[in-house]
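Engineer: I have a structure I would like to understand better, so I am pasting it below and will then ask my questions one at a time.
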Amino acid sequence: MLLKALLKVPLMLRHGSCGPYVPAAASPPRVVPRPALTSRLGTSHSLFTQTLTDMADDDTVTELTQEDAPIKARGLEGVIALESSLSSIDGDTGTLIYRGYDIRDLTAHATYEEVIYLLRHGALPTRSELDEFTAHLRSERSLPGPVLDLLRNAPDDSPPMAVLRTAVSALGMYDEEAEVLERAANCRKADRILAQIPTIIAAFDRLRKGRDPVPPLDHGSMAHNFLYMLNGEEPHAAAEKTFDVCLVLHADHGLNASTFTSRVIGSTLSDMYSAISGAVGALKGPLHGGANQEVMRMLLDIDEQDADPAAYVRERLADGDRIMGFGHRVYNTMDPRAAILRDMMRELSEEAGEMKWYEYTAAIHDAMEAETGIAPNVDFFSGSIYYQLGLAPDLFTTIFALSRTAGWTAHLLEQWSDNRLIRPRAQYVGARGRTVSPIDER
Ligand code: COA
């Protein structure tokens, strides 16, 4: 009875759209009480029950709930853990869509800011919606002083992803709305995080080189402003366009490891800063976003040794190594993002009159095809594009994070619109029935 009555109460997290930019109240409460019971239970309960019912029809999956059952999905392969309307991968045809739009259409006709808006709201913005949205993003580009100090004090040789993870977490301490869980506040935080991550990356890169950070511009796209803050000069239109396409391509990708991480953290009703710093930590690994810088290291290694790229790959495979930038859990064919990036890389190389990196990647691609049949993923070509844009290899994964924040924040908003704690089980394979002996007798 009580539960029924509670379920009629409007849910704090469930409904509402960010709509147009909603300014924060003059003095937002520092800490808001825990969400109402209804929010925490969530009506997703029914969704979950439904999922279990569906699972009950399939004996193999039902057994997952038994403690002594064998693991059915190592690495959660093939497990459908939740519903999402954001992006979808067809691993057989090599197709990726965001909210129904093919990634090829979006890279040709939309900017990164339009894609952020699309992922968050489900529709592409009108001109006035886009103007309002980008104006808000621009207004949030500066970092709080203590976060800039943190970057100044970070060791110069810290991995940029470690610095980014720490700085995103620190941002939460200086956001008065950090603990406010209403959707409008979460949208404002998403904008802040999206706007400030480029500033963190560029400022740290300059500081570690002994240069002063370049304050963000109050105009221009995210791609334009980022390249400006990094290099201290406004980028050419072609560089901005190339970089913008890379951001569009990395903005979302189903329930990948870092997105899942962000949703797991979000599902505990923790805050957006915790979820995004956790996602940055997950992306950092070489099996996920860290692969792009490993690809560039390999290309530089080949160049330094003046090695034959195909022979180099064959040797690494013979040693049992993985070749970074190849293989994917979902694609059985070439990652469509890789195909777009490959074409872009060829154009960039032709324009620059420097075909070396493109030729290395083409030779490695052919060798991998012949030796393993494993196709390249997005990380194989992105690295050499960033390199040609003048970025240091250890920054590459931070660029991936910059872009994927669009997906992470949109997934968090989707998670909180119908939340249920994500809490799977493990198959226990440890000892049983042991008793504790006194410490001197062990
Ligand atoms: N180089 C060489 N062999 C590879 C490979 C690679 N990049 N990727 C997968 N394989 C092989 C594995 O050795 C394994 O072979 P085996 O069955 O003989 O042991 C088989 O393919 C399946 O690999 P597995 O690790 O089980 O697949 P997965 O779905 O768990 O892994 C990745 C997916 C992405 C982690 C994996 O392909 C990989 O490590 N790629 C390199 C890192 C990378 O580029 N990550 C970015 C992803 S966007």
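By order in the structure tokens, chains are A, B, ...; within a chain, residues start at 1; ligands start at 1, following the order shown.
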Could you tell me, counting only C-alpha atoms and all ligand atoms, which protein and nucleic acid residues lie no more than 8 Å from ligand 1, written as a PyMOL selection string?

Structural biologist: chain A and resi 75+77+286-292+317+320-330+372+374+376-380

Engineer: Segment 80-261 of chain A: which residues are helix (DSSP H, G or I) by DSSP, as a VMD selection string?

Structural biologist: chain A and resid 103 to 109 112 to 121 127 to 139 145 to 153 160 to 174 183 to 208 222 to 231 237 to 249 257 to 261

Engineer: So, with only C-alpha atoms as the atoms that count, which of A:Cys246, A:Leu118, A:Ile439, A:Ile201 lies closest to Met344 of chain A?

Structural biologist: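 Nearest candidate to Met344 of chain A out of A:Cys246, A:Leu118, A:Ile439, A:Ile201: A:Cys246.
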
Engineer: My list of candidates is A:Met355, A:Leu82, A:Leu76, A:Met272. Which is closest to Ile422 of chain A when distances are computed with only C-alpha atoms?

Structural biologist: A:Leu82

Engineer: Write out as CSV the residues of segment 114-158 of chain A that have any atom within 12 Å of an atom of segment 209-216 of chain A, one row each with the nearest atom pair and its distance in Å to one decimal, counting only C-alpha atoms, sorted by chain and then rising number.

Structural biologist:
residue,atom,partner,partner_atom,distance
A:Leu137,CA,A:Pro216,CA,11.4
A:Arg138,CA,A:Pro216,CA,8.5
A:Ser139,CA,A:Pro216,CA,9.7
A:Glu140,CA,A:Pro216,CA,9.7
A:Arg141,CA,A:Pro216,CA,6.3
A:Ser142,CA,A:Pro216,CA,6.5
A:Leu143,CA,A:Pro215,CA,9.3
A:Leu148,CA,A:Pro213,CA,9.0
A:Asp149,CA,A:Pro213,CA,11.2
A:Leu151,CA,A:Pro213,CA,10.0
A:Arg152,CA,A:Pro213,CA,9.5
A:Pro155,CA,A:Lys209,CA,11.3
A:Asp156,CA,A:Lys209,CA,7.8
A:Asp157,CA,A:Lys209,CA,10.1

Engineer: Just to be explicit: take each residue in the selection above, keep N, CA and C atoms, and write the result as an mmCIF file, in the first residue's frame.

Structural biologist:
data_model
loop_
_atom_site.group_PDB
_atom_site.id
_atom_site.type_symbol
_atom_site.label_atom_id
_atom_site.label_comp_id
_atom_site.auth_asym_id
_atom_site.auth_seq_id
_atom_site.Cartn_x
_atom_site.Cartn_y
_atom_site.Cartn_z
ATOM 1 N N LEU A 137 28.176 26.163 -23.074
ATOM 2 C CA LEU A 137 29.433 25.407 -23.005
ATOM 3 C C LEU A 137 30.637 26.365 -22.936
ATOM 4 N N ARG A 138 30.611 27.410 -23.770
ATOM 5 C CA ARG A 138 31.738 28.357 -23.785
ATOM 6 C C ARG A 138 31.888 29.072 -22.452
ATOM 7 N N SER A 139 30.752 29.350 -21.812
ATOM 8 C CA SER A 139 30.793 30.101 -20.549
ATOM 9 C C SER A 139 31.364 29.263 -19.411
ATOM 10 N N GLU A 140 31.508 27.962 -19.636
ATOM 11 C CA GLU A 140 31.974 27.075 -18.547
ATOM 12 C C GLU A 140 33.403 26.574 -18.766
ATOM 13 N N ARG A 141 34.130 27.178 -19.697
ATOM 14 C CA ARG A 141 35.434 26.609 -20.071
ATOM 15 C C ARG A 141 36.553 26.803 -19.030
ATOM 16 N N SER A 142 36.454 27.858 -18.218
ATOM 17 C CA SER A 142 37.555 28.145 -17.279
ATOM 18 C C SER A 142 37.551 27.183 -16.107
ATOM 19 N N LEU A 143 38.747 26.912 -15.578
ATOM 20 C CA LEU A 143 38.865 25.989 -14.452
ATOM 21 C C LEU A 143 38.841 26.756 -13.130
ATOM 22 N N LEU A 148 43.476 24.399 -11.291
ATOM 23 C CA LEU A 148 44.653 24.827 -12.067
ATOM 24 C C LEU A 148 45.916 24.643 -11.223
ATOM 25 N N ASP A 149 45.812 24.955 -9.927
ATOM 26 C CA ASP A 149 46.977 24.749 -9.032
ATOM 27 C C ASP A 149 47.344 23.270 -8.967
ATOM 28 N N LEU A 151 47.005 21.124 -11.291
ATOM 29 C CA LEU A 151 47.730 20.797 -12.531
ATOM 30 C C LEU A 151 49.167 21.311 -12.466
ATOM 31 N N ARG A 152 49.319 22.509 -11.901
ATOM 32 C CA ARG A 152 50.681 23.068 -11.755
ATOM 33 C C ARG A 152 51.551 22.177 -10.881
ATOM 34 N N PRO A 155 53.283 16.078 -11.073
ATOM 35 C CA PRO A 155 54.610 15.788 -11.648
ATOM 36 C C PRO A 155 54.539 15.838 -13.182
ATOM 37 N N ASP A 156 55.566 16.435 -13.792
ATOM 38 C CA ASP A 156 55.554 16.596 -15.258
ATOM 39 C C ASP A 156 55.431 15.267 -15.988
ATOM 40 N N ASP A 157 55.941 14.198 -15.350
ATOM 41 C CA ASP A 157 55.913 12.913 -16.055
ATOM 42 C C ASP A 157 54.686 12.068 -15.709
#

Engineer: Could you tell me how far atom CA of Ser262 of chain A sits from atom CA of Trp408 of chain A, in Å to one decimal place?

Structural biologist: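 Between atom CA of Trp408 of chain A and atom CA of Ser262 of chain A the gap works out to 6.4 Å.
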
Engineer: Which is closer to Val245 of chain A than all the others in A:His121, A:Arg263, A:His109, A:Lys284, using only C-alpha atoms?

Structural biologist: A:His109
